[in-house]
file my_file_28.csv (CSV, C-alpha atoms)
chain,number,residue,atom,x,y,z
A,24,SER,CA,5.8,-8.2,10.4
A,25,GLN,CA,4.1,-4.9,10.7
A,26,GLN,CA,6.4,-1.9,10.5
A,27,GLY,CA,4.0,1.0,10.7
A,28,GLU,CA,1.2,1.2,13.2
A,29,GLU,CA,-1.4,3.9,13.0
A,30,ASP,CA,-3.2,5.4,16.0
A,31,PRO,CA,-6.1,5.7,16.5
A,32,GLN,CA,-7.7,2.7,14.7
A,33,ALA,CA,-10.8,4.8,14.1
A,34,LEU,CA,-11.6,8.5,14.3
A,35,SER,CA,-15.0,10.2,14.0
A,36,ILE,CA,-15.1,14.0,13.7
A,37,GLN,CA,-17.5,16.8,12.6
A,38,GLU,CA,-17.0,18.5,9.3
A,39,GLY,CA,-14.7,21.5,9.7
A,40,GLU,CA,-12.7,20.0,12.6
A,41,ASN,CA,-9.1,18.9,12.3
A,42,ALA,CA,-8.1,15.3,12.3
A,43,THR,CA,-4.8,14.0,13.5
A,44,MET,CA,-3.5,10.5,12.9
A,45,ASN,CA,-0.3,9.0,14.2
A,46,CYS,CA,2.1,6.4,12.9
A,47,SER,CA,4.9,4.6,14.8
A,48,TYR,CA,7.5,2.4,13.2
A,49,LYS,CA,10.3,0.2,14.3
A,50,THR,CA,13.4,0.4,12.1
A,51,SER,CA,15.5,3.2,10.5
A,52,ILE,CA,13.9,4.5,7.4
A,53,ASN,CA,14.8,6.5,4.3
A,54,ASN,CA,11.3,7.9,3.9
A,55,LEU,CA,7.7,7.6,5.2
A,56,GLN,CA,4.6,8.0,3.0
A,57,TRP,CA,1.0,8.5,3.7
A,58,TYR,CA,-1.8,7.0,1.6
A,59,ARG,CA,-5.6,7.2,1.5
A,60,GLN,CA,-7.9,4.4,0.6
A,61,ASN,CA,-11.6,4.7,-0.2
A,62,SER,CA,-13.9,1.7,-0.2
A,63,GLY,CA,-11.2,-0.9,0.3
A,64,ARG,CA,-9.8,-0.6,-3.2
A,65,GLY,CA,-6.9,1.3,-4.7
A,66,LEU,CA,-4.8,3.6,-2.6
A,67,VAL,CA,-3.9,7.2,-3.4
A,68,HIS,CA,-0.6,8.7,-2.5
A,69,LEU,CA,-0.9,11.8,-0.3
A,70,ILE,CA,2.6,12.8,0.8
A,71,LEU,CA,6.2,11.6,1.2
A,72,ILE,CA,8.5,12.8,3.8
A,73,ARG,CA,12.2,11.9,3.8
A,74,SER,CA,14.1,11.0,6.9
A,75,ASN,CA,16.0,14.3,6.9
A,76,GLU,CA,12.8,16.3,6.8
A,77,ARG,CA,10.8,17.2,9.9
A,78,GLU,CA,7.6,18.7,8.5
A,79,LYS,CA,5.9,18.9,5.1
A,80,HIS,CA,2.7,20.5,3.9
A,81,SER,CA,0.4,19.8,1.0
A,82,GLY,CA,-2.8,21.8,0.8
A,83,ARG,CA,-4.8,20.9,3.9
A,84,LEU,CA,-2.4,18.2,4.9
A,85,ARG,CA,0.5,18.6,7.3
A,86,VAL,CA,2.9,15.7,8.0
A,87,THR,CA,5.6,15.7,10.7
A,88,LEU,CA,8.3,13.2,11.2
A,89,ASP,CA,10.3,12.5,14.4
A,90,THR,CA,13.0,10.0,13.6
A,91,SER,CA,14.2,10.0,17.2
A,92,LYS,CA,10.8,8.7,18.4
A,93,LYS,CA,10.2,6.7,15.2
A,94,SER,CA,6.9,8.4,14.7
A,95,SER,CA,4.9,10.5,12.2
A,96,SER,CA,1.7,12.4,12.3
A,97,LEU,CA,-0.8,13.4,9.6
A,98,LEU,CA,-3.0,16.4,10.3
A,99,ILE,CA,-5.9,17.2,8.0
A,100,THR,CA,-7.2,20.7,8.7
A,101,ALA,CA,-10.8,21.9,8.1
A,102,SER,CA,-12.0,18.3,7.3
A,103,ARG,CA,-14.7,17.6,4.7
A,104,ALA,CA,-17.1,14.7,4.3
A,105,ALA,CA,-15.0,13.7,1.2
A,106,ASP,CA,-12.0,13.1,3.5
A,107,THR,CA,-13.8,10.0,4.9
A,108,ALA,CA,-11.5,7.1,4.1
A,109,SER,CA,-8.8,4.9,5.6
A,110,TYR,CA,-5.3,6.4,6.0
A,111,PHE,CA,-2.2,4.4,6.0
A,112,CYS,CA,1.4,5.2,6.7
A,113,ALA,CA,4.1,3.2,4.8
A,114,THR,CA,7.8,3.0,5.5
A,115,ASP,CA,10.8,1.4,3.9
A,116,ASP,CA,13.6,-0.2,6.0
A,117,SER,CA,16.9,1.5,5.1
A,118,GLY,CA,18.9,-1.3,6.6
A,119,ALA,CA,17.1,-4.2,4.8
A,120,GLY,CA,18.5,-3.7,1.3
A,121,SER,CA,15.1,-3.9,-0.1
A,122,TYR,CA,12.7,-1.3,-1.5
A,123,GLN,CA,9.5,-2.8,-0.2
A,124,LEU,CA,7.1,-0.6,1.7
A,125,THR,CA,5.6,-1.8,4.8
A,126,PHE,CA,2.1,-0.5,5.6
A,127,GLY,CA,0.3,-0.2,8.9
A,128,LYS,CA,-3.2,-1.3,9.5
A,129,GLY,CA,-4.6,2.2,9.0
A,130,THR,CA,-6.8,4.7,10.7
A,131,LYS,CA,-10.4,4.8,9.6
A,132,LEU,CA,-11.6,8.4,9.5
A,133,SER,CA,-15.2,9.3,9.4
A,134,VAL,CA,-16.1,13.0,8.8
A,135,ILE,CA,-19.7,13.7,9.7
A,136,PRO,CA,-21.4,16.4,7.6
B,20,GLY,CA,-2.2,9.3,-19.1
B,21,ALA,CA,-3.7,6.0,-18.1
B,22,GLY,CA,-3.2,4.8,-14.6
B,23,VAL,CA,-2.4,1.3,-13.3
B,24,SER,CA,-5.0,-1.2,-14.5
B,25,GLN,CA,-5.6,-4.7,-13.1
B,26,SER,CA,-7.7,-7.6,-14.4
B,27,PRO,CA,-9.9,-9.2,-13.6
B,28,SER,CA,-11.6,-6.9,-11.1
B,29,ASN,CA,-13.3,-9.8,-9.4
B,30,LYS,CA,-12.5,-13.5,-9.5
B,31,VAL,CA,-14.3,-16.3,-7.9
B,32,THR,CA,-12.6,-19.7,-8.0
B,33,GLU,CA,-12.9,-23.1,-6.5
B,34,LYS,CA,-10.4,-24.3,-4.0
B,35,GLY,CA,-7.6,-26.1,-5.7
B,36,LYS,CA,-7.8,-24.2,-9.0
B,37,ASP,CA,-5.0,-22.0,-10.3
B,38,VAL,CA,-5.6,-18.3,-10.9
B,39,GLU,CA,-3.7,-15.6,-12.8
B,40,LEU,CA,-4.0,-11.9,-11.9
B,41,ARG,CA,-2.7,-9.3,-14.3
B,42,CYS,CA,-1.3,-5.8,-13.8
B,43,ASP,CA,-0.6,-3.2,-16.4
B,44,PRO,CA,1.6,-0.5,-14.8
B,45,ILE,CA,1.9,3.2,-15.9
B,46,SER,CA,4.0,3.4,-19.0
B,47,GLY,CA,7.6,4.2,-18.2
B,48,HIS,CA,7.5,3.0,-14.6
B,49,THR,CA,10.3,0.7,-13.9
B,50,ALA,CA,9.2,-0.5,-10.5
B,51,LEU,CA,6.1,-2.7,-9.9
B,52,TYR,CA,4.8,-4.0,-6.6
B,53,TRP,CA,2.2,-6.6,-5.6
B,54,TYR,CA,0.4,-6.4,-2.3
B,55,ARG,CA,-2.6,-8.2,-0.8
B,56,GLN,CA,-5.2,-6.9,1.6
B,57,SER,CA,-7.5,-9.0,3.7
B,58,LEU,CA,-10.8,-7.5,4.9
B,59,GLY,CA,-10.2,-4.6,7.2
B,60,GLN,CA,-6.5,-5.1,7.3
B,61,GLY,CA,-3.4,-3.2,6.1
B,62,LEU,CA,-1.5,-4.1,3.0
B,63,GLU,CA,0.8,-7.1,3.0
B,64,PHE,CA,3.8,-6.8,0.7
B,65,LEU,CA,4.2,-9.8,-1.7
B,66,ILE,CA,6.9,-9.0,-4.2
B,67,TYR,CA,8.4,-6.1,-6.2
B,68,PHE,CA,10.1,-5.8,-9.6
B,69,GLN,CA,12.8,-3.5,-10.8
B,70,GLY,CA,12.5,-3.9,-14.5
B,71,ASN,CA,12.0,-7.6,-15.1
B,72,SER,CA,13.9,-8.6,-12.0
B,73,ALA,CA,12.4,-9.5,-8.6
B,74,PRO,CA,15.1,-8.6,-6.0
B,75,ASP,CA,12.8,-9.2,-3.1
B,76,LYS,CA,10.4,-12.2,-3.1
B,77,SER,CA,10.4,-12.4,0.7
B,78,GLY,CA,6.7,-11.5,1.0
B,79,LEU,CA,5.3,-14.4,-1.1
B,80,PRO,CA,3.3,-16.5,1.4
B,81,SER,CA,4.2,-19.9,0.0
B,82,ASP,CA,5.6,-21.6,-3.1
B,83,ARG,CA,2.1,-21.7,-4.5
B,84,PHE,CA,2.6,-18.0,-5.3
B,85,SER,CA,4.8,-16.8,-8.2
B,86,ALA,CA,5.0,-13.7,-10.3
B,87,GLU,CA,6.7,-12.6,-13.4
B,88,ARG,CA,7.1,-9.4,-15.4
B,89,THR,CA,8.0,-9.3,-19.1
B,90,GLY,CA,9.2,-6.5,-21.2
B,91,GLY,CA,9.5,-4.2,-18.2
B,92,SER,CA,5.8,-3.8,-18.4
B,93,VAL,CA,2.9,-6.2,-17.7
B,94,SER,CA,3.1,-8.4,-14.6
B,95,THR,CA,1.2,-11.6,-13.8
B,96,LEU,CA,0.7,-13.0,-10.3
B,97,THR,CA,-0.1,-16.7,-10.3
B,98,ILE,CA,-1.6,-18.6,-7.4
B,99,GLN,CA,-1.5,-22.3,-7.8
B,100,ARG,CA,-3.9,-24.7,-6.0
B,101,THR,CA,-5.8,-21.9,-4.3
B,102,GLN,CA,-6.8,-22.1,-0.7
B,103,GLN,CA,-9.6,-20.3,1.1
B,104,GLU,CA,-7.1,-18.2,3.0
B,105,ASP,CA,-5.9,-16.8,-0.3
B,106,SER,CA,-9.2,-14.8,-0.5
B,107,ALA,CA,-8.2,-11.1,-0.4
B,108,VAL,CA,-7.9,-8.0,-2.6
B,109,TYR,CA,-4.7,-8.2,-4.6
B,110,LEU,CA,-3.3,-4.7,-5.3
B,111,CYS,CA,-0.7,-3.8,-7.8
B,112,ALA,CA,1.3,-0.5,-7.8
B,113,SER,CA,4.0,1.0,-10.0
B,114,SER,CA,6.5,3.8,-9.5
B,115,PHE,CA,9.0,5.7,-11.6
B,116,SER,CA,11.8,3.7,-9.9
B,117,VAL,CA,12.5,2.1,-6.6
B,118,GLY,CA,13.6,4.0,-3.5
B,119,GLY,CA,11.6,7.1,-2.4
B,120,TYR,CA,9.1,7.4,-5.2
B,121,GLU,CA,5.4,7.5,-4.7
B,122,GLN,CA,3.5,4.4,-5.7
B,123,TYR,CA,0.4,4.6,-8.0
B,124,PHE,CA,-2.1,1.8,-7.2
B,125,GLY,CA,-4.5,0.0,-9.4
B,126,PRO,CA,-8.1,-0.7,-8.4
B,127,GLY,CA,-7.2,-4.3,-7.3
B,128,THR,CA,-8.5,-7.7,-8.0
B,129,ARG,CA,-10.9,-9.2,-5.4
B,130,LEU,CA,-10.2,-12.9,-5.2
B,131,THR,CA,-12.7,-15.2,-3.6
B,132,VAL,CA,-11.9,-18.9,-3.1
B,133,THR,CA,-14.9,-21.0,-2.4
call {"tool": "encode", "arguments": {"input": "my_file_28.csv", "output": "structure tokens"}}
result
Amino acid sequence: SQQGEEDPQALSIQEGENATMNCSYKTSINNLQWYRQNSGRGLVHLILIRSNEREKHSGRLRVTLDTSKKSSSLLITASRAADTASYFCATDDSGAGSYQLTFGKGTKLSVIP
Amino acid sequence: GAGVSQSPSNKVTEKGKDVELRCDPISGHTALYWYRQSLGQGLEFLIYFQGNSAPDKSGLPSDRFSAERTGGSVSTLTIQRTQQEDSAVYLCASSFSVGGYEQYFGPGTRLTVT
């Protein structure tokens, strides 16, 4: 079953604008990760935030985590055309005794030059 | 160093045939994961290895799917008697260990069952 669910499913913005994507999940987690996928092939890891962290930054990326609401957001500031990709959140299930990651269906971001 | 590699990059097979997909993880990574992704969908977990052991096989869709890992390195995903619904991109990832480490993905194998 799907653990993470991204919102919106698709987002189109102008270059230079900020893009915000949200992720909701269902179970208790140890950590949440965000990945980017170009052209339907391999994924690239962006950032990992642990359950005891509330916010994390990496370059133009800012991730927040609210474990009480079981939600996370990914903010990309000053977007570029090269940011066009699908973005996925992935969570583990701390109670399941397994280290599998469960991915959402992703947000497709289009940045228009 | 080299990233995760997968072979073949594309595979077209007839329904009912068996296929083997290969994954070479990053050297030194003890954890290895298999996922599949259907068109426009998210990733579906299949199986993961810690060393040569597969503690969680719960994602394998049916008993036609099996995987093994030898020498703590290369892994092979085998699909027997392929069906059209097996058509997807099969992605492999490795990480330093399990539990809270980023996963490095290979480019995937696109499997088409005709």
call {"tool": "interface_residues", "arguments": {"input": "my_file_28.csv", "of": "chain A", "to": "chain B", "cutoff": "12 Å", "atoms": "only C-alpha atoms", "output": "JSON, numbers by chain"}}
result
{"A": [24, 25, 26, 27, 28, 29, 32, 33, 52, 53, 54, 55, 56, 57, 58, 59, 60, 61, 62, 63, 64, 65, 66, 67, 68, 69, 70, 71, 72, 73, 74, 109, 110, 111, 112, 113, 114, 115, 116, 117, 119, 120, 121, 122, 123, 124, 125, 126, 127, 128, 129, 130, 131]}
call {"tool": "atom_distance", "arguments": {"input": "my_file_28.csv", "atom1": "CA of Ser46 (chain B)", "atom2": "CA of Glu87 (chain B)"}}
result
17.2 Å
call {"tool": "atom_distance", "arguments": {"input": "my_file_28.csv", "atom1": "CA of Ser92 (chain B)", "atom2": "CA of Pro44 (chain B)"}}
result
6.4 Å
call {"tool": "residues_around", "arguments": {"input": "my_file_28.csv", "residues": "Leu132 (chain A)", "least_positions_apart": "5", "cutoff": "10 Å", "atoms": "all atoms listed in the file", "output": "ChimeraX atom specification"}}
result
/A:31-36,42-44,104,106-110
call {"tool": "write_last_selection", "arguments": {"input": "my_file_28.csv", "atoms": "C-alpha atoms", "output": "compact mmCIF listing (two decimals), in the frame of the given file"}}
result
# COMPACT_ATOMS: atom_id res chain seq x y z
CA PRO A 31 -6.10 5.70 16.50
CA GLN A 32 -7.70 2.70 14.70
CA ALA A 33 -10.80 4.80 14.10
CA LEU A 34 -11.60 8.50 14.30
CA SER A 35 -15.00 10.20 14.00
CA ILE A 36 -15.10 14.00 13.70
CA ALA A 42 -8.10 15.30 12.30
CA THR A 43 -4.80 14.00 13.50
CA MET A 44 -3.50 10.50 12.90
CA ALA A 104 -17.10 14.70 4.30
CA ASP A 106 -12.00 13.10 3.50
CA THR A 107 -13.80 10.00 4.90
CA ALA A 108 -11.50 7.10 4.10
CA SER A 109 -8.80 4.90 5.60
CA TYR A 110 -5.30 6.40 6.00
call {"tool": "decode", "arguments": {"input": "my_file_28.csv", "residues": "region 58-79 of chain A", "atoms": "N, CA, C and O atoms", "output": "mmCIF file, in the first residue's frame"}}
result
data_model
loop_
_atom_site.group_PDB
_atom_site.id
_atom_site.type_symbol
_atom_site.label_atom_id
_atom_site.label_comp_id
_atom_site.auth_asym_id
_atom_site.auth_seq_id
_atom_site.Cartn_x
_atom_site.Cartn_y
_atom_site.Cartn_z
ATOM 1 N N TYR A 58 13.483 12.432 -3.177
ATOM 2 C CA TYR A 58 14.260 12.050 -4.352
ATOM 3 C C TYR A 58 13.728 12.787 -5.574
ATOM 4 O O TYR A 58 12.552 13.163 -5.629
ATOM 5 N N ARG A 59 14.597 12.959 -6.561
ATOM 6 C CA ARG A 59 14.223 13.549 -7.845
ATOM 7 C C ARG A 59 14.452 12.516 -8.941
ATOM 8 O O ARG A 59 15.432 11.765 -8.903
ATOM 9 N N GLN A 60 13.558 12.507 -9.922
ATOM 10 C CA GLN A 60 13.691 11.590 -11.045
ATOM 11 C C GLN A 60 13.510 12.356 -12.345
ATOM 12 O O GLN A 60 12.500 13.024 -12.547
ATOM 13 N N ASN A 61 14.503 12.229 -13.205
ATOM 14 C CA ASN A 61 14.427 12.800 -14.544
ATOM 15 C C ASN A 61 14.127 11.693 -15.538
ATOM 16 O O ASN A 61 14.714 10.617 -15.465
ATOM 17 N N SER A 62 13.245 11.984 -16.471
ATOM 18 C CA SER A 62 13.013 11.100 -17.624
ATOM 19 C C SER A 62 12.692 9.666 -17.253
ATOM 20 O O SER A 62 13.045 8.753 -17.991
ATOM 21 N N GLY A 63 12.028 9.441 -16.128
ATOM 22 C CA GLY A 63 11.542 8.109 -15.786
ATOM 23 C C GLY A 63 12.595 7.059 -15.552
ATOM 24 O O GLY A 63 12.291 5.879 -15.614
ATOM 25 N N ARG A 64 13.814 7.447 -15.284
ATOM 26 C CA ARG A 64 14.846 6.439 -15.014
ATOM 27 C C ARG A 64 15.342 6.571 -13.581
ATOM 28 O O ARG A 64 14.563 6.690 -12.664
ATOM 29 N N GLY A 65 16.633 6.532 -13.352
ATOM 30 C CA GLY A 65 17.162 6.488 -11.991
ATOM 31 C C GLY A 65 16.811 7.699 -11.157
ATOM 32 O O GLY A 65 16.660 8.799 -11.655
ATOM 33 N N LEU A 66 16.676 7.461 -9.858
ATOM 34 C CA LEU A 66 16.366 8.539 -8.929
ATOM 35 C C LEU A 66 17.637 9.078 -8.296
ATOM 36 O O LEU A 66 18.614 8.364 -8.110
ATOM 37 N N VAL A 67 17.581 10.351 -7.924
ATOM 38 C CA VAL A 67 18.700 10.999 -7.255
ATOM 39 C C VAL A 67 18.238 11.450 -5.882
ATOM 40 O O VAL A 67 17.200 12.113 -5.754
ATOM 41 N N HIS A 68 19.012 11.073 -4.863
ATOM 42 C CA HIS A 68 18.678 11.470 -3.503
ATOM 43 C C HIS A 68 18.901 12.964 -3.315
ATOM 44 O O HIS A 68 19.933 13.509 -3.722
ATOM 45 N N LEU A 69 17.930 13.635 -2.683
ATOM 46 C CA LEU A 69 18.049 15.072 -2.433
ATOM 47 C C LEU A 69 18.374 15.358 -0.970
ATOM 48 O O LEU A 69 19.318 16.086 -0.669
ATOM 49 N N ILE A 70 17.573 14.810 -0.079
ATOM 50 C CA ILE A 70 17.733 15.176 1.319
ATOM 51 C C ILE A 70 17.048 14.129 2.199
ATOM 52 O O ILE A 70 16.045 13.540 1.801
ATOM 53 N N LEU A 71 17.597 13.901 3.373
ATOM 54 C CA LEU A 71 17.011 12.999 4.359
ATOM 55 C C LEU A 71 16.774 13.785 5.630
ATOM 56 O O LEU A 71 17.655 14.525 6.080
ATOM 57 N N ILE A 72 15.586 13.647 6.201
ATOM 58 C CA ILE A 72 15.279 14.314 7.458
ATOM 59 C C ILE A 72 14.816 13.258 8.447
ATOM 60 O O ILE A 72 14.007 12.388 8.117
ATOM 61 N N ARG A 73 15.368 13.283 9.636
ATOM 62 C CA ARG A 73 15.051 12.272 10.628
ATOM 63 C C ARG A 73 13.822 12.694 11.430
ATOM 64 O O ARG A 73 13.469 13.871 11.482
ATOM 65 N N SER A 74 13.215 11.748 12.089
ATOM 66 C CA SER A 74 11.944 12.014 12.766
ATOM 67 C C SER A 74 12.083 13.014 13.903
ATOM 68 O O SER A 74 11.097 13.638 14.301
ATOM 69 N N ASN A 75 13.305 13.200 14.420
ATOM 70 C CA ASN A 75 13.488 14.166 15.512
ATOM 71 C C ASN A 75 13.929 15.539 14.998
ATOM 72 O O ASN A 75 14.258 16.425 15.786
ATOM 73 N N GLU A 76 13.949 15.705 13.677
ATOM 74 C CA GLU A 76 14.295 16.986 13.072
ATOM 75 C C GLU A 76 13.025 17.636 12.529
ATOM 76 O O GLU A 76 12.097 16.952 12.100
ATOM 77 N N ARG A 77 13.013 18.951 12.499
ATOM 78 C CA ARG A 77 11.846 19.681 12.023
ATOM 79 C C ARG A 77 12.101 20.377 10.701
ATOM 80 O O ARG A 77 11.172 20.629 9.929
ATOM 81 N N GLU A 78 13.354 20.728 10.456
ATOM 82 C CA GLU A 78 13.664 21.453 9.226
ATOM 83 C C GLU A 78 15.104 21.148 8.827
ATOM 84 O O GLU A 78 15.974 20.943 9.679
ATOM 85 N N LYS A 79 15.314 21.098 7.506
ATOM 86 C CA LYS A 79 16.659 20.857 7.012
ATOM 87 C C LYS A 79 16.851 21.604 5.696
ATOM 88 O O LYS A 79 15.901 21.735 4.910
#
